[in-house]
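What follows is a single structure, written as structure tokens, with notes after it.
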Amino acid sequence: MSDNATTTHVTPTTAGTLAAPARPHDGAALTAPPLVAASPPGQGRGGVLATPVQRAESTGADARAAAAGPPGAAAEIEAAEISEADTHALGEVPGWWGRLAATWRPLLRRPGFVLAVLFVLFVIVSGLAPSLFTSYSPSDTSPADKLKGPSFTHLFGTDELGRDLFSRMLHGSTLTIKVTGGSVLIAIVAGLALGIVSGFFGGWIDVLLMRVVDVLLAIPILMMALTIITALGFGLVPMAIAVAVGITPGFARTTRAEVLRVRSQPYVEAARTGGASWGRVLWRHILPNSWGPVGVLAVLDFGTAVLLVSTLSFLGFGAPPPAAEWGSLISHGRNFLITSPWLSLLPGLFVGLVVFSLNHVARTLEEVDR
Amino acid sequence: MPRYLAGRLAQALAVLWAAYTVVFVILHVLPSDPITLQLSAGGADISQLTPTQLHILKDRYGLDDPILTQYFHGLWNALHLDFGMSLTQNVTVGSLITDKVGSTLELTLVALPLMVIGGIGLAYLASYVQWRPARTLLARLPAVGVSLPQFFVGLLLIQAFSFSLHWFPATGEDGWRSLVLPAVTMSLLGAAMLAQLLIRSFADTWREPHIATARAKGLSRGTVQLRHVLRNASLPALTLLGILLGYTVTNAVVVESVFSRDGLGQLAQRAVLGQDVPLVQAIVLIAAAGFVVVNLLVDLLYTLLDPRVAAAARAG
């Protein structure tokens with residue numbers, strides 16, 4: 001945002017998009033994890049000037065680093081990092097299967113998380129292979145059954161031509177998943193690249209890239225998407241590009257902050273001192289240890305992308321009919337809102353559930369990560 | 001202090017200039033051909049035109065100038081709030097916008113207090129109620145509000161309060177009754193985000209030593225919540241409020257489309273549908289300007305509200 005021009009200079013570790021003065025916080029010294037003392041001087045200022053969300057992110061990340069220690073580095077430079085919390089990790093280095101199980105066990109104990117993951121999986125699978133879940137064709141009309149309410153034969157009811165809405169919804173998932181998947185993929189690749197380059201090389205490249213990101217963030221995402229759609233025209237591909245451009249800046253920001261945080265960790269210095277090349281350090285140490293917040297943001301961005309894509313297709317910028325994404329189904333159902341409210345409300349609820357599930361997954365991952 | 005002010009002002013202007021540049025680059029330099037785009041928006045097919053006609057048309061919209069000339073010309077005019085002629089409607093972009101901006105502002109002015117009251121109220125309840133199930137439920141509520149698509153909320157409200165209960169009109173713009181549903185729809189997302197932030201920072205603040213001190217002095221939970229917790233948490237909330245207010249035009253696009261209100265948002269939707277480049281450019285710039293100006297005001301408010309920022313501003 002606008003005030004970042006000053007704050008990012010003094011707070012290289014600031015994570016989020018909106019640097020702003022925080023509320024009085026006398027307890028900072030008490031709650032701050034021990035590693036803060038070893039972090040660069042910028043971190044202290046970050047604590048004062050960043051919003052609480054960012055601060056929570058950075059302290060949470062520090063706490064995590066202090067508590068768990070990096071898996072890759074633990075094997076290579078055992079002696080370099082001996083803290084109390086690390087000893088159990090050093091005593092017995094678990095295989096990747098053991099680590100995976102250790103990560104997933106606390107997650108599986110949360111029914112809400114499991115439910116959300118299952119629902120998202122269902123949406124993805126049913127979007128990729130709709131015929132598995134419905135025997136109706138999305139385009140078969142049957143005038144006798146028009147505008148029937150939801151029932152066991154037609155889960156979501158039928159539209160004005162007697163087409164099965166559930167089937168249309170699942171076939172719409174295919175398009176929506178393609179667009180959101182494509183846009184998040186573009187955003188991840190571009191955001192990671194920008195963030196890594198910016199955080200890793202620093203200097204004027206960093207300053208330049210982050211100024212560009214600041215400006216992109218000052219244009220609201222939907223407005224940015226509308227601009228791009230005006231330039232590229234309607235359809236699925238322009239929509240994917242528009243959404244990708246909208247979410248890339250935030251992604252670049254977070255990646256950069258994570259890379260900066262990890263780069264200054266003792267084990268990275270140790271690896272460098274040990275003779276590892278920058279490329280190897282980046283690949284072996286910085287990337288694996290930056291995943292946490294970046295992965296959480298990726299899941300969160302999926303939710304944002306789903307919302308944005310359905311908003312754009314609701315506004316009529318998506319694929320032309322008869323192809324129908326979730327948003328255009330809802331928009332079309334509006335015409336029958338008085339007599340057949342399920343036509344727009346059920347798909348709307350479906351979209352809301354997808355986004356809610358994605359947000360819930362992201363939040364749970366974030367909590368467990370800490 | 002004057003130096004701080006001047007610095008912030010210069011920054012805001014720089015961001016606006018950069019935003020103009022980004023929008024210009026997207027609309028004029030991207031591989032899509034702006035000439036075909038703008039001519040087809042004006043209702044002409046490029047293949048049907050003779051070279052002379054093409055030349056006249058290009059000349060009329062200033063499209064035969066070199067791209068840099070167009071850029072500086074556009075920037076100079078934008079500085080004078082002159083955004084040129086609309087391609088789809090035969091009037092100036094400026095007059096179109098001044099026509100519609102009132103309706104959107106009216107909506108925002110009603111939605112804003114709803115947002116603040118809803119957000120603070122929910123967060124307050126969630127941190128004050130002690131019965132665990134209710135507390136959990138209240139704390140989870142904002143996550144639902146953030147996930148629901150705005151158009152779905154709007155349609156749900158129309159279905160419930162307009163078609164079933166007949167309390168408020170579904171669409172249109174006469175009187176305060178037609179303003180209720182759109183304003184509620186518009187405020188919901190912001191209220192949920194505000195509540196999320198506040199619930200988090202209330203929980204943080206309750207754990208702090210100065211709160212323990214206040215409680216130990218004998219202040220009641222209510223007093224502590226009001227005098228110490230809310231006050232401490234209000235500064236980040238102010239930042240968020242600035243951002244949410246900056247998103248006014250964006251929110252209006254969806255809300256005005258659902259409730260068929262004739263405002264800036266509808267204008268934006270129609271401009272994109274008609275690929276009306278000057279109009280889209282002007283609306284996006286206005287959205288960005290709103291964002292920058294509101295955030296500038298919030299920053300300046302901080303110097304009044306937060307003594308640490310004031311001290312830093314005086315020093316620097």
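How things are named: the first chain in the structure tokens is A, the next is B, and so on; residues count from 1 in each chain; ligands count from 1 in the order shown.
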
*Can you check which residues of chain B have any atom within 6 Å of chain A? Use only C-alpha atoms and format it as a list of chain:residue names.*
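Close enough to count are B:Ala12, B:Val15, B:Leu27, B:Ser32, B:Ser147, B:Leu148, B:Phe152, B:Glu208, B:Asn232, B:Leu235, B:Val272, B:Gln275, B:Val284, B:Ala288.
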
*Find the residues around A:Asp159 up to 6 Å (only C-alpha atoms counted), leave out those fewer than 2 positions away in its own chain, and share them as a PyMOL selection string.*
chain A and resi 146-147+161-163

Export of prior selection with N, CA, C and O atoms as a short mmCIF file (atom, residue, chain, number, x, y, z; two decimals), in the first residue's frame:
data_model
loop_
_atom_site.label_atom_id
_atom_site.label_comp_id
_atom_site.auth_asym_id
_atom_site.auth_seq_id
_atom_site.Cartn_x
_atom_site.Cartn_y
_atom_site.Cartn_z
N LYS A 146 -39.49 -29.39 -16.12
CA LYS A 146 -38.85 -28.09 -15.95
C LYS A 146 -39.18 -27.46 -14.59
O LYS A 146 -40.29 -27.65 -14.06
N LEU A 147 -38.17 -26.74 -14.06
CA LEU A 147 -38.32 -26.00 -12.80
C LEU A 147 -38.86 -26.87 -11.65
O LEU A 147 -39.68 -26.42 -10.86
N LEU A 161 -35.42 -25.41 -18.65
CA LEU A 161 -35.50 -26.32 -19.79
C LEU A 161 -35.54 -27.78 -19.33
O LEU A 161 -35.43 -28.69 -20.15
N GLY A 162 -35.62 -27.96 -18.03
CA GLY A 162 -35.65 -29.32 -17.51
C GLY A 162 -34.29 -29.97 -17.40
O GLY A 162 -34.17 -31.18 -17.25
N ARG A 163 -33.23 -29.16 -17.48
CA ARG A 163 -31.89 -29.73 -17.33
C ARG A 163 -31.58 -29.92 -15.85
O ARG A 163 -31.98 -29.09 -15.02
#

*Would you list the contacts of A:Arg109 as a VMD selection string, taking every protein, DNA or RNA residue within 12 Å and counting only C-alpha atoms, but skipping same-chain residues closer than 6 positions in sequence?*
chain A and resid 102 to 103 115 364 368

*asked:* Which residues are near B:Leu244? Cut-off 10 Å, only C-alpha atoms, ignore same chain within fewer than 5 positions. Put them as an NGL selection string.
replied: :B and (112 or 115 or 187 or 189-191 or 193-194 or 238-239 or 250-251 or 291 or 294-295)

_Among listed residues A:Ile286, A:Trp291, A:Ser264, A:Leu297, nearest A:Gly250 (using only C-alpha atoms)_ =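 Closest to A:Gly250 of all the choices is A:Leu297.
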